[in-house]
Amino acid sequence: MRILYFIIALLTSTAVMAVERTVVPAPHQVKWHEAELGAVFHYDLHVFDGIRYGQGNNRINPIEDYNIFNPRKLDTDQWVKAAKDAGCRFAILTATHETGFGLWQSDVNPYCLKAVKWRDGKGDVIADFVASCRKYGIEPGIYVGIRWNSLLGIHNFRSEGSGEFAANRQKWYKGLCEKMVEELCSRYGKLFMIWFDGGADDPRGLGPDVEPIVSRLQPECLFYHNVDRADVRWGGSESGTVEYPCWSTFPTPFSHNNKIESQEAHLQLQKHGDKDGRYWVPAMADTPLRGANGRHEWFWEPDDEENLLPLDVLVDKYEKSVGRNATLILGLTPDPDGLIPEGDVKRLHEFSAAVEKRFSTPLARASGKSRTLTMKFKKPEDVNYFMIQENIRGGERILRYRVEAKVNGRWVNVGAGESVGHKRIQPFERVKASALRLIVDEARDLPDIINFSAFNVL
């Protein structure tokens, strides 16, 4: 009997070791990967002041007259359709940003749409936005900015002042934030993501205790983030790209912390992840659409129409984000009328068409659970890109791979790499080949490849 117990214990410990070795995503994180592309809409009072946004000033100086908020043609259907046409599968809206002004009918934050003359104080942009998302089949998310509040004098989570006065205001502000999150999580149905701008800080310090609220009211929602939990991580820049390799695993369940030996080491960890990490914390690549010519505008600004990212730059960002196992988020800018400018709408449509033209029709494809996969062409084809996708429900199993092309009857190397994850898109010098084969040289477990395909991108 003792021998039987020993065998059972050994088998159990081995199973646990296997689970620890192969980290897998939660179901809502799988949805993050499969979405691949999303949009974030930034809207706040200063969109209406007619001057260029200055972040430093905006964080300090309250808007003199909040009744400048007057989007007379507001059409969230138009916003969301533009995102849908770009290929986005989720969209996020700033409920609050650095002014502290709320874009909904809040019962706890009087500095909100109840206070303005627009729509007789009865407007609710969050409600309109969520309804538009559901209409167009896009997952809705909400962005909550609590790190700064120029009206209340909150700077980097901290209430200005000192002594008992500041301490009491700090406690009150934390409570206000928790009540706002309770409203946002309970009024608008199922949400894809709650995104805290700059995080929600440490609930044991300056930050509110919001994670339990999100977990209770939105159990399938992505939480981004506080010092205890991050369901995704920032990819290290606002360039819309991530560096390679980009692993979905991470050494801690949170992405922003002060326990790394240096800021540079921390930044590199955010950029690359950790292939031996024990937690699934996949990467985000975010960038504003109006980011050309030295501009980097998350909000609409006057005289910015010429600063849309060129189409070829956008496609390159797609390949260096989605094609490197990250999810790309584009920043879109509703104008003072309440519309996405027509030039922006056109560029988004062009972007979707360009991506589809490149990658919707492979020359051939293969799939299977194997360390080697071969795809054969009906005839020799010009080819210069390949795509690999793992079944990430089983984790990131591939650790090192190479791809060979059969050229004039001989196998020649055309590419190699490390991380694959949800999607790896890799260009190489064009060859005329009769076949391509993927060889996994190092793996954590038997590779489960759901897509190995080849393209000729002109």
# chains A, B, ... in the order shown; residues from 1 in each chain; ligands from 1

$ closest_atom_pairs --of "range 289-371 of chain A" --to "range 224-242 of chain A" --cutoff "12 Å" --atoms "only C-alpha atoms" --output "tab-separated table"
residue	atom	partner	partner_atom	distance
A:Leu289	CA	A:Gly240	CA	9.6
A:Arg290	CA	A:Ser239	CA	11.6
A:Gly291	CA	A:Ser239	CA	8.8
A:Ala292	CA	A:Ser239	CA	10.9
A:Gly294	CA	A:Ser239	CA	11.9
A:Arg295	CA	A:Ser239	CA	11.7
A:His296	CA	A:Glu238	CA	8.9
A:Glu297	CA	A:Glu238	CA	10.9
A:Trp298	CA	A:Glu238	CA	10.5
A:Leu309	CA	A:Gly240	CA	11.0
A:Val313	CA	A:Gly240	CA	10.1
A:Leu314	CA	A:Gly240	CA	8.6
A:Val315	CA	A:Gly240	CA	10.4
A:Asp316	CA	A:Thr241	CA	8.7
A:Lys317	CA	A:Thr241	CA	5.5
A:Tyr318	CA	A:Thr241	CA	7.5
A:Glu319	CA	A:Thr241	CA	8.2
A:Lys320	CA	A:Thr241	CA	5.1
A:Ser321	CA	A:Thr241	CA	4.7
A:Val322	CA	A:Thr241	CA	8.4
A:Gly323	CA	A:Thr241	CA	9.4
A:Arg324	CA	A:Val242	CA	7.0
A:Asn325	CA	A:Val242	CA	8.6
A:Ala326	CA	A:Val242	CA	7.1
A:Thr327	CA	A:Gly240	CA	9.2
A:Leu328	CA	A:Gly240	CA	6.4
A:Ile329	CA	A:Gly240	CA	7.3
A:Leu330	CA	A:Gly240	CA	7.7
A:Gly331	CA	A:Gly240	CA	9.8

$ write_last_selection --atoms "N, CA and C atoms" --output "PDB file, in the first residue's frame"
ATOM      1  N   LEU A 289      -3.122  57.283 -33.982  1.00  0.00           N
ATOM      2  CA  LEU A 289      -3.169  57.343 -35.446  1.00  0.00           C
ATOM      3  C   LEU A 289      -2.531  58.632 -35.948  1.00  0.00           C
ATOM      4  N   ARG A 290      -2.695  59.710 -35.180  1.00  0.00           N
ATOM      5  CA  ARG A 290      -2.095  60.992 -35.551  1.00  0.00           C
ATOM      6  C   ARG A 290      -0.710  61.094 -34.895  1.00  0.00           C
ATOM      7  N   GLY A 291       0.229  60.379 -35.492  1.00  0.00           N
ATOM      8  CA  GLY A 291       1.556  60.288 -34.908  1.00  0.00           C
ATOM      9  C   GLY A 291       2.688  60.524 -35.880  1.00  0.00           C
ATOM     10  N   ALA A 292       2.417  61.180 -36.995  1.00  0.00           N
ATOM     11  CA  ALA A 292       3.459  61.447 -38.000  1.00  0.00           C
ATOM     12  C   ALA A 292       4.056  62.837 -37.800  1.00  0.00           C
ATOM     13  N   GLY A 294       6.552  64.010 -36.237  1.00  0.00           N
ATOM     14  CA  GLY A 294       6.921  64.416 -34.885  1.00  0.00           C
ATOM     15  C   GLY A 294       5.759  64.624 -33.942  1.00  0.00           C
ATOM     16  N   ARG A 295       4.542  64.444 -34.409  1.00  0.00           N
ATOM     17  CA  ARG A 295       3.369  64.581 -33.544  1.00  0.00           C
ATOM     18  C   ARG A 295       3.068  63.233 -32.876  1.00  0.00           C
ATOM     19  N   HIS A 296       2.293  63.276 -31.784  1.00  0.00           N
ATOM     20  CA  HIS A 296       1.956  62.056 -31.048  1.00  0.00           C
ATOM     21  C   HIS A 296       0.684  62.353 -30.263  1.00  0.00           C
ATOM     22  N   GLU A 297      -0.445  62.455 -30.989  1.00  0.00           N
ATOM     23  CA  GLU A 297      -1.653  63.044 -30.421  1.00  0.00           C
ATOM     24  C   GLU A 297      -2.711  62.004 -30.088  1.00  0.00           C
ATOM     25  N   TRP A 298      -2.949  61.809 -28.793  1.00  0.00           N
ATOM     26  CA  TRP A 298      -4.009  60.917 -28.349  1.00  0.00           C
ATOM     27  C   TRP A 298      -5.370  61.606 -28.398  1.00  0.00           C
ATOM     28  N   LEU A 309      -0.580  58.844 -39.555  1.00  0.00           N
ATOM     29  CA  LEU A 309       0.485  57.922 -39.916  1.00  0.00           C
ATOM     30  C   LEU A 309       0.294  57.457 -41.355  1.00  0.00           C
ATOM     31  N   VAL A 313       3.580  52.939 -42.990  1.00  0.00           N
ATOM     32  CA  VAL A 313       4.044  52.931 -41.603  1.00  0.00           C
ATOM     33  C   VAL A 313       3.068  52.149 -40.726  1.00  0.00           C
ATOM     34  N   LEU A 314       1.784  52.341 -40.952  1.00  0.00           N
ATOM     35  CA  LEU A 314       0.772  51.598 -40.187  1.00  0.00           C
ATOM     36  C   LEU A 314       0.904  50.096 -40.410  1.00  0.00           C
ATOM     37  N   VAL A 315       1.081  49.692 -41.653  1.00  0.00           N
ATOM     38  CA  VAL A 315       1.213  48.267 -41.956  1.00  0.00           C
ATOM     39  C   VAL A 315       2.475  47.707 -41.310  1.00  0.00           C
ATOM     40  N   ASP A 316       3.548  48.475 -41.334  1.00  0.00           N
ATOM     41  CA  ASP A 316       4.783  48.043 -40.680  1.00  0.00           C
ATOM     42  C   ASP A 316       4.568  47.867 -39.174  1.00  0.00           C
ATOM     43  N   LYS A 317       3.794  48.767 -38.560  1.00  0.00           N
ATOM     44  CA  LYS A 317       3.499  48.635 -37.132  1.00  0.00           C
ATOM     45  C   LYS A 317       2.676  47.381 -36.865  1.00  0.00           C
ATOM     46  N   TYR A 318       1.758  47.059 -37.756  1.00  0.00           N
ATOM     47  CA  TYR A 318       0.975  45.832 -37.618  1.00  0.00           C
ATOM     48  C   TYR A 318       1.893  44.607 -37.606  1.00  0.00           C
ATOM     49  N   GLU A 319       2.819  44.561 -38.538  1.00  0.00           N
ATOM     50  CA  GLU A 319       3.715  43.414 -38.622  1.00  0.00           C
ATOM     51  C   GLU A 319       4.619  43.326 -37.392  1.00  0.00           C
ATOM     52  N   LYS A 320       4.955  44.484 -36.811  1.00  0.00           N
ATOM     53  CA  LYS A 320       5.868  44.500 -35.668  1.00  0.00           C
ATOM     54  C   LYS A 320       5.132  44.556 -34.331  1.00  0.00           C
ATOM     55  N   SER A 321       3.845  44.320 -34.365  1.00  0.00           N
ATOM     56  CA  SER A 321       3.062  44.197 -33.125  1.00  0.00           C
ATOM     57  C   SER A 321       2.279  42.889 -33.173  1.00  0.00           C
ATOM     58  N   VAL A 322       1.219  42.845 -33.953  1.00  0.00           N
ATOM     59  CA  VAL A 322       0.458  41.607 -34.119  1.00  0.00           C
ATOM     60  C   VAL A 322       1.366  40.486 -34.606  1.00  0.00           C
ATOM     61  N   GLY A 323       2.268  40.822 -35.516  1.00  0.00           N
ATOM     62  CA  GLY A 323       3.195  39.833 -36.066  1.00  0.00           C
ATOM     63  C   GLY A 323       4.310  39.442 -35.129  1.00  0.00           C
ATOM     64  N   ARG A 324       4.332  40.041 -33.929  1.00  0.00           N
ATOM     65  CA  ARG A 324       5.322  39.675 -32.908  1.00  0.00           C
ATOM     66  C   ARG A 324       4.658  39.267 -31.597  1.00  0.00           C
ATOM     67  N   ASN A 325       3.403  38.784 -31.703  1.00  0.00           N
ATOM     68  CA  ASN A 325       2.700  38.229 -30.541  1.00  0.00           C
ATOM     69  C   ASN A 325       2.189  39.301 -29.583  1.00  0.00           C
ATOM     70  N   ALA A 326       1.877  40.491 -30.087  1.00  0.00           N
ATOM     71  CA  ALA A 326       1.267  41.537 -29.267  1.00  0.00           C
ATOM     72  C   ALA A 326      -0.092  41.913 -29.855  1.00  0.00           C
ATOM     73  N   THR A 327      -0.874  42.644 -29.088  1.00  0.00           N
ATOM     74  CA  THR A 327      -2.145  43.191 -29.567  1.00  0.00           C
ATOM     75  C   THR A 327      -1.964  44.684 -29.788  1.00  0.00           C
ATOM     76  N   LEU A 328      -2.337  45.157 -30.963  1.00  0.00           N
ATOM     77  CA  LEU A 328      -2.151  46.550 -31.362  1.00  0.00           C
ATOM     78  C   LEU A 328      -3.391  47.373 -31.024  1.00  0.00           C
ATOM     79  N   ILE A 329      -3.172  48.514 -30.368  1.00  0.00           N
ATOM     80  CA  ILE A 329      -4.261  49.441 -30.055  1.00  0.00           C
ATOM     81  C   ILE A 329      -3.967  50.781 -30.705  1.00  0.00           C
ATOM     82  N   LEU A 330      -4.886  51.238 -31.557  1.00  0.00           N
ATOM     83  CA  LEU A 330      -4.742  52.517 -32.247  1.00  0.00           C
ATOM     84  C   LEU A 330      -5.530  53.591 -31.517  1.00  0.00           C
ATOM     85  N   GLY A 331      -4.902  54.740 -31.275  1.00  0.00           N
ATOM     86  CA  GLY A 331      -5.572  55.859 -30.641  1.00  0.00           C
ATOM     87  C   GLY A 331      -6.317  56.701 -31.662  1.00  0.00           C
TER      88      GLY A 331
END

$ residues_around --residues "range 68-73 of chain A" --least-positions-apart "4" --cutoff "7 Å" --atoms "only C-alpha atoms" --output "number ranges by chain"
A: 45, 48, 118, 336-339

$ select_by_dssp --residues "range 2-165 of chain A" --states "helix (DSSP H, G or I)" --output "ChimeraX atom specification"
/A:2-21,27-35,45-48,55-60,66-68,76-86,113-115,118-121,125-136,163-165

$ select_by_dssp --residues "range 61-242 of chain A" --states "strand (DSSP E)" --output "list in words"
Phe90, Ala91, Ile92, Leu93, Thr94, Ala95, Thr96, Glu139, Pro140, Gly141, Ile142, Tyr143, Val144, Ile154, His155, Arg158, Ser159, Met193, Ile194, Trp195, Phe196, Leu222, Phe223, Tyr224, Arg233 and Trp234 of chain A

$ write_last_selection --atoms "N, CA, C and O atoms" --output "tab-separated table (two decimals), in the first residue's frame"
chain	number	residue	atom	x	y	z
A	90	PHE	N	-12.20	45.24	-30.59
A	90	PHE	CA	-12.63	45.86	-29.35
A	90	PHE	C	-12.33	47.35	-29.42
A	90	PHE	O	-11.52	47.80	-30.24
A	91	ALA	N	-13.01	48.12	-28.58
A	91	ALA	CA	-12.81	49.56	-28.53
A	91	ALA	C	-12.97	50.02	-27.10
A	91	ALA	O	-13.78	49.49	-26.34
A	92	ILE	N	-12.17	51.01	-26.73
A	92	ILE	CA	-12.12	51.52	-25.36
A	92	ILE	C	-12.34	53.03	-25.40
A	92	ILE	O	-11.84	53.71	-26.31
A	93	LEU	N	-13.06	53.55	-24.43
A	93	LEU	CA	-13.32	54.99	-24.35
A	93	LEU	C	-12.88	55.52	-22.99
A	93	LEU	O	-13.11	54.89	-21.96
A	94	THR	N	-12.25	56.69	-22.99
A	94	THR	CA	-11.87	57.36	-21.75
A	94	THR	C	-13.12	57.86	-21.03
A	94	THR	O	-13.76	58.81	-21.46
A	95	ALA	N	-13.44	57.21	-19.91
A	95	ALA	CA	-14.54	57.69	-19.08
A	95	ALA	C	-14.12	58.95	-18.33
A	95	ALA	O	-14.91	59.87	-18.13
A	96	THR	N	-12.89	58.96	-17.85
A	96	THR	CA	-12.27	60.13	-17.25
A	96	THR	C	-10.82	60.18	-17.71
A	96	THR	O	-10.22	59.15	-18.01
A	139	GLU	N	-16.29	44.49	-28.97
A	139	GLU	CA	-16.28	44.40	-27.50
A	139	GLU	C	-15.97	45.78	-26.91
A	139	GLU	O	-14.98	46.41	-27.27
A	140	PRO	N	-16.80	46.29	-25.97
A	140	PRO	CA	-16.55	47.61	-25.37
A	140	PRO	C	-15.66	47.52	-24.14
A	140	PRO	O	-15.74	46.58	-23.35
A	141	GLY	N	-14.82	48.54	-23.99
A	141	GLY	CA	-13.99	48.67	-22.80
A	141	GLY	C	-14.00	50.11	-22.31
A	141	GLY	O	-14.39	51.03	-23.04
A	142	ILE	N	-13.56	50.30	-21.07
A	142	ILE	CA	-13.58	51.63	-20.45
A	142	ILE	C	-12.21	51.94	-19.85
A	142	ILE	O	-11.60	51.09	-19.19
A	143	TYR	N	-11.77	53.16	-20.10
A	143	TYR	CA	-10.48	53.67	-19.62
A	143	TYR	C	-10.77	54.66	-18.49
A	143	TYR	O	-11.59	55.57	-18.65
A	144	VAL	N	-10.14	54.45	-17.35
A	144	VAL	CA	-10.40	55.28	-16.17
A	144	VAL	C	-9.12	55.99	-15.76
A	144	VAL	O	-8.14	55.34	-15.39
A	154	ILE	N	-5.19	66.39	-7.64
A	154	ILE	CA	-4.57	65.08	-7.49
A	154	ILE	C	-3.45	64.97	-8.50
A	154	ILE	O	-3.68	65.03	-9.71
A	155	HIS	N	-2.22	64.79	-8.02
A	155	HIS	CA	-1.05	64.74	-8.88
A	155	HIS	C	-0.32	63.43	-8.62
A	155	HIS	O	0.20	63.20	-7.53
A	158	ARG	N	-1.59	61.49	-5.68
A	158	ARG	CA	-1.45	62.10	-4.36
A	158	ARG	C	-2.26	63.39	-4.27
A	158	ARG	O	-2.21	64.24	-5.16
A	159	SER	N	-2.98	63.54	-3.17
A	159	SER	CA	-3.69	64.78	-2.89
A	159	SER	C	-2.70	65.86	-2.48
A	159	SER	O	-1.84	65.63	-1.62
A	193	MET	N	-12.58	45.24	-21.17
A	193	MET	CA	-11.40	45.68	-20.43
A	193	MET	C	-11.72	46.90	-19.59
A	193	MET	O	-12.49	47.77	-20.01
A	194	ILE	N	-11.13	46.97	-18.39
A	194	ILE	CA	-11.05	48.19	-17.61
A	194	ILE	C	-9.58	48.59	-17.58
A	194	ILE	O	-8.73	47.85	-17.10
A	195	TRP	N	-9.29	49.76	-18.13
A	195	TRP	CA	-7.90	50.22	-18.30
A	195	TRP	C	-7.70	51.44	-17.40
A	195	TRP	O	-8.32	52.48	-17.60
A	196	PHE	N	-6.84	51.31	-16.42
A	196	PHE	CA	-6.50	52.43	-15.55
A	196	PHE	C	-5.26	53.13	-16.09
A	196	PHE	O	-4.19	52.52	-16.22
A	222	LEU	N	-10.78	42.02	-18.72
A	222	LEU	CA	-9.35	42.24	-18.55
A	222	LEU	C	-9.12	43.41	-17.60
A	222	LEU	O	-9.77	44.46	-17.73
A	223	PHE	N	-8.20	43.26	-16.69
A	223	PHE	CA	-7.89	44.29	-15.70
A	223	PHE	C	-6.48	44.81	-15.97
A	223	PHE	O	-5.50	44.07	-15.92
A	224	TYR	N	-6.36	46.12	-16.23
A	224	TYR	CA	-5.07	46.73	-16.52
A	224	TYR	C	-5.02	48.10	-15.84
A	224	TYR	O	-5.66	49.03	-16.30
A	233	ARG	N	0.27	43.63	-20.38
A	233	ARG	CA	1.33	44.55	-20.00
A	233	ARG	C	1.59	45.53	-21.13
A	233	ARG	O	1.36	45.23	-22.31
A	234	TRP	N	2.05	46.71	-20.76
A	234	TRP	CA	2.52	47.69	-21.73
A	234	TRP	C	3.79	47.14	-22.38
A	234	TRP	O	4.67	46.61	-21.71

$ atom_distance --atom1 "CA of Ala200 in chain A" --atom2 "CA of Lys271 in chain A"
21.0 Å

$ closest_atom_pairs --of "range 264-375 of chain A" --to "range 380-396 of chain A" --cutoff "10 Å" --atoms "only C-alpha atoms" --output "CSV"
residue,atom,partner,partner_atom,distance
A:Lys275,CA,A:Glu396,CA,8.5
A:Trp280,CA,A:Gly395,CA,8.8
A:Gly323,CA,A:Met387,CA,8.1
A:Asn325,CA,A:Gln389,CA,9.2
A:Arg358,CA,A:Tyr385,CA,9.5
A:Phe359,CA,A:Met387,CA,8.8
A:Pro362,CA,A:Phe386,CA,9.0
A:Leu363,CA,A:Glu381,CA,7.9
A:Ala364,CA,A:Phe386,CA,10.0
A:Arg365,CA,A:Met387,CA,9.1
A:Ala366,CA,A:Ile388,CA,9.6
A:Ser367,CA,A:Gln389,CA,9.1
A:Gly368,CA,A:Glu390,CA,9.7
A:Lys369,CA,A:Glu390,CA,9.7

$ closest_residue --among "A:Ser132, A:Gln29, A:Ser106, A:Thr361" --to "Val457 in chain A" --atoms "only C-alpha atoms"
A:Thr361
